[in-house]
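Worksheet: one structure, shown below.
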Amino acid sequence: MAAFPVNADYTESYREPLLRVQGLNKRYARSGFWSKTKPVQALSDVSLEIQSGSTTAIVGESGSGKTTLAMCMAQLETPDSGDIWLKSQRLTGLAAADLLPIRQKVQLIFQSSASALNPRLSAIEIVAEPLDILGMVRRERRRELALEYMQLTGLTADLAGHSPLTLSGGQRQRLAIARALTLKPELLIFDESFSGLDLILEAQILELLRTLKTSCGFTYLVITHDLSLVAGLADYVAVMQSGKIVEQGLASRVFLHAQHPHTLALLAAMPRWTIGSNAGSGA
Amino acid sequence: MRFLLARLTRSVFLLAGVSVLSFLLMQLAPGDFFEEIKLNPQISPQTIAALRSQFGLDRPLPVRYGLWLQSAARGDFGYSFAYNSPVAPLLKTRVRNTAFLAGVATAIAWVLALGIGLWSAVRAGHWDDRFCTGAMSISMAVPDVLVALALLLLATRTGVFPVGGMVSTDFDDFTFLQKAKDIGAHLALPVFALVFGLAPTLARHVRSSVAQALTAPCVQAARAHGIAPARILFRHVLPVAANPLISLFGISLATLLSVSLLIEVIMSWPGLGPFFLEAILARDVYVVIGTVLLSTVFLVAGNLIADGLLFAADPRIRKS
C-alpha cells in the first residue's frame, strides 16, 4: 500500500477527450530599442489530453510553463504553433469574434483571488456579471440565480452585498468559483488556486470541488507545484519541466512508479513521505 | 466624509504654512518697493518714511504678518504698492484668465492623453504603439520655452494667429460668434504650447496604467468569460487603471498652472504669469505672496479634487 492517498479508482479506459492540446509551442521574446534579450521558451511541443469528467493535474516547479499552458487552454494566450481542440472544435486560429461564445466553456480560477475579483463590484454583482453581459437568463432571474450559485459554493446570502475586499481568502476563492460556474463551463482550470489558503480552507475547497464534480460532472484541470495536493484528487497527472511535459499518466502510475528524474525529485521534495516508501509500495 | 474633512483640515494647515514661508522669504529678500523710489529726487526721504510707516513696513515681522492676516481675513490679501490697490481685486481678473487657459489646456491634454495612452496600451508592442511611444519621448524632451518661442515665430511669420493678449482691440464691437472666434484664436498658441508639454507625460502614464491593468487577473477573468473587448475596457480595465491616473489628474492641475505662468509671460497672456513677474521685479511683496498663495490653492484644490474622485471611485479608500 502507498504511504499516501493516491486516487486509484480512475482507470485507463478510453474516454472522449474534452480538450486536446497538440504540439503546443510558446516563446516569449522581448526586444528593447538597442538589443534583444534572449527569448524564453515557455512551452515546447506540449501535447496533452483532458478527458471528460476527469481531474487532471499539471505539476512542476515555478517557471516550468504550467500557467502559460493554462492560459493557452483558456485562450488568454495565443500559442506560436500547435493546436488546441475543444471536443471536435479547433480553437487555435479562430477569430476573436468566433471565440467569444466558446470562452465560457473553459474557465480559469486564478491564484490570487484578491486581484481576480473586481474590487469595485459587490459579491453578487461579480457572480451576476457574466449573466448580465452575456444575457444568458432573464434580467429578473439573474440576481436570484447568482445567489443560488453563491450558496452552491457555500457562501451565504448575507455576503451578497459585500465587497470582495471584506471577504476572507477562502470566501473569495469560493466567489471566484461561483462566478465561473454561472457560465456552466465544461472545463474548470485551477491555476495555483489553493496556494494562498491555509490547510483547513484548502481542505474545504477541495471538498467543495469533489461535491461539485459528483453533482455536476465537471472536468477539472488543477495546476500546482504541490504534489501532495493532487495525490488524492487527480486522476491523471502531467509533470512539466522547462516548458516540456516530461512525464504523464494515471495518477497512481506517476505517483507510485515515476520514471523521470524530475518527477522523482518532486516526489522526494514532498514533506509527508519519502521516495523509499513509494518505491516499495505497489499500485 | 471624515476622509474629506481630514484632507480639508490638512489643506488649511498647508496654506497657513505656505503663507508664513512666503512672507518670511519675501521679507528676508534684500530691498523693498520703496528702495526704487529713493532714487527719485522728487520724493523726499520723509515722504518715503511716511509711506513705509503707512504700509507698516517699519514694524517687526510678526506684527506685519499679523496685519497681513487681518487683511486676508477681510478678503484684501494685502495692498499692492505698485497699483495702490488691495491685492485681491487685482488677482481676480488675472486668475480667471489663467484658470481659463489652464482649464482648456488640461481638458485637451487629458482627452488626447487618454486616447493615445489607451490606444498605445491596447496595441502594446505593435508598430503604432512604438510610433506613439517614440513621438511622446521626443516631445517630452523639447523644452516648453522652445516650443513657445517656435510658435511665436510661426505666428509672426504666417500671421495666422494673433500674438499676445487675450482679445483683439476692437473686441467690444464683435458679435457673440466673432468674440468666441477671437478668444479661440488668441487661445490657440498658448494652449498648443501647454498641451504639447503636458499631454505626452500624461499619455505615458495612461499607457503604463492601462497596460498593467490589461494583465490584471480580474481583467483576464472577464476575457475568459467571453465579454466583448470594448466592455472589458470600460467596465474593468479603466476602473482598475483609474487610481494612479486620478492622482495624476490632481498633480497635472497644479503642474499646468506653474507651466502656464511661464507660457503666459512668453506669449503675453494677461494672466497671473506676467503679473507675478512684474510684482517680483518691483518687489511688490503682497502681490507676490498673494500669487504664491493662489498657486498653492490651485495645488491643494487639484489634490482635493483627486482625493474626492479617488474616494468616490475606489471602495478600498472608503473602507480604510
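Chain lettering (A, B, ...) mirrors the order of the C-alpha cells, residue numbering begins at 1 for each chain separately, and ligand numbering begins at 1 in order of display.
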At most 8 Å to chain A: residues in chain B, only C-alpha atoms, as a PDB file with C-alpha atoms, in the first residue's frame:
ATOM      1  CA  ALA B 216      -4.724  42.031 -14.068  1.00  0.00           C
ATOM      2  CA  PRO B 217      -6.365  38.697 -13.186  1.00  0.00           C
ATOM      3  CA  CYS B 218      -9.831  40.289 -12.895  1.00  0.00           C
ATOM      4  CA  VAL B 219      -9.486  41.554 -16.481  1.00  0.00           C
ATOM      5  CA  GLN B 220      -8.196  38.167 -17.652  1.00  0.00           C
ATOM      6  CA  ALA B 221     -11.163  36.554 -15.908  1.00  0.00           C
ATOM      7  CA  ARG B 223     -11.867  37.976 -21.036  1.00  0.00           C
ATOM      8  CA  ALA B 224     -12.251  34.315 -20.170  1.00  0.00           C
ATOM      9  CA  HIS B 225     -15.984  34.903 -19.631  1.00  0.00           C
ATOM     10  CA  GLY B 226     -16.277  35.892 -23.265  1.00  0.00           C
ATOM     11  CA  ILE B 227     -17.154  39.507 -22.543  1.00  0.00           C
ATOM     12  CA  ALA B 228     -16.626  41.812 -25.534  1.00  0.00           C
ATOM     13  CA  HIS B 236     -12.853  46.527 -15.884  1.00  0.00           C
ATOM     14  CA  PRO B 239     -11.601  51.339 -13.258  1.00  0.00           C
ATOM     15  CA  VAL B 240      -8.583  49.189 -12.369  1.00  0.00           C
ATOM     16  CA  ALA B 313     -14.109  55.631  -7.317  1.00  0.00           C
ATOM     17  CA  ASP B 314     -12.330  53.185  -5.032  1.00  0.00           C
ATOM     18  CA  PRO B 315     -14.150  51.269  -2.303  1.00  0.00           C
ATOM     19  CA  ARG B 316     -10.791  50.347  -0.717  1.00  0.00           C
TER      20      ARG B 316
END
From the DSSP assignment of the backbone, select every residue of range 44-196 of chain B that is alpha helix (DSSP H), and format the answer as a PyMOL selection string.
chain B and resi 45-54+61-74+87-122+127-141+144-158+176-196
From the DSSP assignment of the backbone, select every residue of range 73-205 of chain A that is strand (DSSP E or B), and format the answer as a ChimeraX atom specification.
/A:81-86,89-90,106-109,187-191
Write out, as a compact mmCIF listing (two decimals), in the first residue's frame, the residues just selected, with N, CA and C atoms.
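That gives us out.txt:
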# COMPACT_ATOMS: atom_id res chain seq x y z
N SER A 81 2.67 27.99 -32.12
CA SER A 81 2.29 26.90 -33.03
C SER A 81 1.64 25.79 -32.22
N GLY A 82 1.05 24.86 -32.93
CA GLY A 82 0.36 23.75 -32.25
C GLY A 82 -1.14 24.00 -32.27
N ASP A 83 -1.88 23.01 -31.82
CA ASP A 83 -3.34 23.07 -31.88
C ASP A 83 -3.99 22.80 -30.54
N ILE A 84 -5.13 23.45 -30.32
CA ILE A 84 -5.95 23.17 -29.15
C ILE A 84 -7.35 22.84 -29.66
N TRP A 85 -7.88 21.72 -29.24
CA TRP A 85 -9.21 21.30 -29.67
C TRP A 85 -10.09 21.19 -28.44
N LEU A 86 -11.30 21.73 -28.54
CA LEU A 86 -12.31 21.52 -27.51
C LEU A 86 -13.35 20.60 -28.14
N GLN A 89 -13.95 20.85 -31.93
CA GLN A 89 -13.73 22.20 -32.47
C GLN A 89 -12.29 22.66 -32.25
N ARG A 90 -11.66 23.06 -33.33
CA ARG A 90 -10.28 23.55 -33.23
C ARG A 90 -10.32 25.01 -32.79
N VAL A 106 -14.47 27.12 -21.06
CA VAL A 106 -13.24 26.86 -20.30
C VAL A 106 -13.03 28.03 -19.35
N GLN A 107 -13.12 27.79 -18.08
CA GLN A 107 -12.98 28.87 -17.09
C GLN A 107 -11.76 28.67 -16.22
N LEU A 108 -11.13 29.77 -15.92
CA LEU A 108 -9.88 29.74 -15.16
C LEU A 108 -10.11 30.36 -13.77
N ILE A 109 -9.67 29.67 -12.74
CA ILE A 109 -9.71 30.24 -11.38
C ILE A 109 -8.26 30.60 -11.04
N LEU A 187 -14.93 22.86 -18.67
CA LEU A 187 -13.63 22.62 -18.03
C LEU A 187 -13.32 23.77 -17.07
N LEU A 188 -12.98 23.40 -15.84
CA LEU A 188 -12.57 24.41 -14.85
C LEU A 188 -11.07 24.24 -14.61
N ILE A 189 -10.33 25.32 -14.82
CA ILE A 189 -8.88 25.25 -14.60
C ILE A 189 -8.55 25.99 -13.31
N PHE A 190 -7.87 25.34 -12.41
CA PHE A 190 -7.45 25.96 -11.15
C PHE A 190 -5.95 26.21 -11.22
N ASP A 191 -5.59 27.48 -11.42
CA ASP A 191 -4.17 27.80 -11.57
C ASP A 191 -3.59 28.21 -10.22
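Taking CA of Met73 in chain A and CA of Gln51 in chain A as endpoints, the distance between them is 13.9 Å.
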Neighbour list for Asp170 in chain B as a count of residues only, cut-off 12 Å, only C-alpha atoms, skip fewer than 4 positions in-chain:
6
Please, which residues in range 189-273 of chain A fall within 12 Å of range 56-66 of chain A when counting only C-alpha atoms, and what is the closest atom pair and distance in Å to one decimal for each, ordered by chain then residue number, as a Markdown table?
| residue | atom | partner | partner_atom | distance |
| --- | --- | --- | --- | --- |
| A:Ile189 | CA | A:Thr56 | CA | 9.4 |
| A:Phe190 | CA | A:Ala57 | CA | 9.3 |
| A:Asp191 | CA | A:Lys66 | CA | 8.3 |
| A:Glu192 | CA | A:Lys66 | CA | 9.5 |
| A:Phe218 | CA | A:Thr56 | CA | 11.6 |
| A:Thr219 | CA | A:Thr56 | CA | 8.2 |
| A:Tyr220 | CA | A:Thr56 | CA | 6.2 |
| A:Leu221 | CA | A:Thr56 | CA | 4.8 |
| A:Val222 | CA | A:Ala57 | CA | 4.6 |
| A:Ile223 | CA | A:Ile58 | CA | 4.8 |
| A:Thr224 | CA | A:Val59 | CA | 5.2 |
| A:His225 | CA | A:Gly60 | CA | 5.1 |
| A:Asp226 | CA | A:Val59 | CA | 7.1 |
| A:Leu227 | CA | A:Val59 | CA | 6.8 |
| A:Ser228 | CA | A:Val59 | CA | 10.4 |
| A:Leu229 | CA | A:Ala57 | CA | 9.6 |
| A:Val230 | CA | A:Ala57 | CA | 6.6 |
| A:Ala231 | CA | A:Ala57 | CA | 9.3 |
| A:Gly232 | CA | A:Ala57 | CA | 10.9 |
| A:Leu233 | CA | A:Ala57 | CA | 8.5 |
| A:Ala234 | CA | A:Thr56 | CA | 5.4 |
| A:Asp235 | CA | A:Thr56 | CA | 5.9 |
| A:Tyr236 | CA | A:Thr56 | CA | 4.7 |
| A:Val237 | CA | A:Ala57 | CA | 4.7 |
| A:Ala238 | CA | A:Ile58 | CA | 4.8 |
| A:Val239 | CA | A:Val59 | CA | 4.9 |
| A:Met240 | CA | A:Gly60 | CA | 4.9 |
| A:Gln241 | CA | A:Ser64 | CA | 4.8 |
| A:Ser242 | CA | A:Ser64 | CA | 4.5 |
| A:Gly243 | CA | A:Gly65 | CA | 4.7 |
| A:Lys244 | CA | A:Ser64 | CA | 7.6 |
| A:Ile245 | CA | A:Ile58 | CA | 8.9 |
| A:Val246 | CA | A:Gly60 | CA | 9.8 |
| A:Glu247 | CA | A:Val59 | CA | 10.0 |
| A:Gln248 | CA | A:Ile58 | CA | 8.9 |
| A:Gly249 | CA | A:Thr56 | CA | 9.7 |
| A:Leu250 | CA | A:Thr56 | CA | 9.0 |
| A:Ala251 | CA | A:Ala57 | CA | 8.5 |
| A:Val254 | CA | A:Ala57 | CA | 11.1 |
| A:Phe255 | CA | A:Val59 | CA | 11.7 |
| A:His262 | CA | A:Gly60 | CA | 8.7 |
| A:Thr263 | CA | A:Gly60 | CA | 8.4 |
| A:Leu264 | CA | A:Gly60 | CA | 11.5 |
| A:Ala265 | CA | A:Gly60 | CA | 10.4 |
| A:Leu266 | CA | A:Gly60 | CA | 7.7 |
| A:Leu267 | CA | A:Gly60 | CA | 10.7 |
| A:Ala269 | CA | A:Glu61 | CA | 10.9 |
C-alpha atoms of the current selection, written as a PDB file, in the first residue's frame:
ATOM      1  CA  ILE A 189      -8.878  25.249 -14.603  1.00  0.00           C
ATOM      2  CA  PHE A 190      -7.450  25.965 -11.147  1.00  0.00           C
ATOM      3  CA  ASP A 191      -4.170  27.804 -11.572  1.00  0.00           C
ATOM      4  CA  GLU A 192      -2.406  27.504  -8.215  1.00  0.00           C
ATOM      5  CA  PHE A 218     -17.325  18.934 -14.078  1.00  0.00           C
ATOM      6  CA  THR A 219     -13.927  18.295 -15.607  1.00  0.00           C
ATOM      7  CA  TYR A 220     -11.073  19.844 -13.643  1.00  0.00           C
ATOM      8  CA  LEU A 221      -7.551  20.821 -14.508  1.00  0.00           C
ATOM      9  CA  VAL A 222      -5.511  21.574 -11.393  1.00  0.00           C
ATOM     10  CA  ILE A 223      -2.208  23.372 -11.793  1.00  0.00           C
ATOM     11  CA  THR A 224       0.087  23.235  -8.816  1.00  0.00           C
ATOM     12  CA  HIS A 225       3.641  22.792  -7.650  1.00  0.00           C
ATOM     13  CA  ASP A 226       2.382  20.835  -4.645  1.00  0.00           C
ATOM     14  CA  LEU A 227       2.251  17.118  -5.417  1.00  0.00           C
ATOM     15  CA  SER A 228       0.676  16.290  -2.081  1.00  0.00           C
ATOM     16  CA  LEU A 229      -2.345  18.416  -3.032  1.00  0.00           C
ATOM     17  CA  VAL A 230      -3.121  16.399  -6.144  1.00  0.00           C
ATOM     18  CA  ALA A 231      -2.291  12.986  -4.687  1.00  0.00           C
ATOM     19  CA  GLY A 232      -5.815  12.291  -3.542  1.00  0.00           C
ATOM     20  CA  LEU A 233      -7.565  14.494  -6.100  1.00  0.00           C
ATOM     21  CA  ALA A 234      -6.180  13.862  -9.578  1.00  0.00           C
ATOM     22  CA  ASP A 235      -6.992  11.001 -11.899  1.00  0.00           C
ATOM     23  CA  TYR A 236      -4.290  11.957 -14.348  1.00  0.00           C
ATOM     24  CA  VAL A 237      -1.007  13.771 -13.772  1.00  0.00           C
ATOM     25  CA  ALA A 238       1.368  15.557 -16.137  1.00  0.00           C
ATOM     26  CA  VAL A 239       4.747  16.716 -14.881  1.00  0.00           C
ATOM     27  CA  MET A 240       6.312  19.766 -16.525  1.00  0.00           C
ATOM     28  CA  GLN A 241       9.885  20.977 -16.603  1.00  0.00           C
ATOM     29  CA  SER A 242      11.299  23.861 -18.661  1.00  0.00           C
ATOM     30  CA  GLY A 243       8.223  24.107 -20.878  1.00  0.00           C
ATOM     31  CA  LYS A 244       8.001  20.363 -21.614  1.00  0.00           C
ATOM     32  CA  ILE A 245       5.845  17.587 -20.263  1.00  0.00           C
ATOM     33  CA  VAL A 246       8.457  15.144 -19.042  1.00  0.00           C
ATOM     34  CA  GLU A 247       6.095  12.522 -17.684  1.00  0.00           C
ATOM     35  CA  GLN A 248       2.348  11.965 -17.780  1.00  0.00           C
ATOM     36  CA  GLY A 249      -0.049   9.181 -16.990  1.00  0.00           C
ATOM     37  CA  LEU A 250      -2.570   7.931 -14.480  1.00  0.00           C
ATOM     38  CA  ALA A 251      -2.012   9.480 -11.072  1.00  0.00           C
ATOM     39  CA  VAL A 254       3.027   8.583 -11.790  1.00  0.00           C
ATOM     40  CA  PHE A 255       2.970   8.632  -8.013  1.00  0.00           C
ATOM     41  CA  HIS A 262      12.347  15.406 -12.294  1.00  0.00           C
ATOM     42  CA  THR A 263       9.204  13.599 -11.110  1.00  0.00           C
ATOM     43  CA  LEU A 264      11.318  11.639  -8.651  1.00  0.00           C
ATOM     44  CA  ALA A 265      12.862  14.892  -7.422  1.00  0.00           C
ATOM     45  CA  LEU A 266       9.387  16.436  -6.955  1.00  0.00           C
ATOM     46  CA  LEU A 267       8.220  13.347  -5.095  1.00  0.00           C
ATOM     47  CA  ALA A 269      10.509  17.079  -2.072  1.00  0.00           C
TER      48      ALA A 269
END
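The gap separating CA of Arg172 in chain A from CA of Pro229 in chain B is 24.9 Å, in Å to one decimal.
Proximity of B:Val288, B:Val259, B:Ala88, B:Gln46 to Ser71 in chain B, computed with only C-alpha atoms, is greatest for B:Ala88.
Distance-wise, CA of Asn303 in chain B and CA of Gly250 in chain B end up 4.6 Å apart.
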With only C-alpha atoms as the basis for distance, which of B:Arg74, B:Arg235, B:His205, B:Arg283 is at the shortest distance from Glu36 in chain B?
B:Arg283
Please list as an MDAnalysis selection string every residue within 6 Å of Gly78 in chain B, counting only C-alpha atoms and excluding residues in the same chain fewer than 5 positions away.
chainID B and resid 68 71 86:87 286
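Once range 99-114 of chain B and its same-chain neighbours fewer than 2 positions away are set aside, Val95, Arg96, Asn97, Ile116, Gly117, Leu118, Val191, Val195, Ala199, Leu202 and Ala203 of chain B remain within 6 Å of it when counting only C-alpha atoms.
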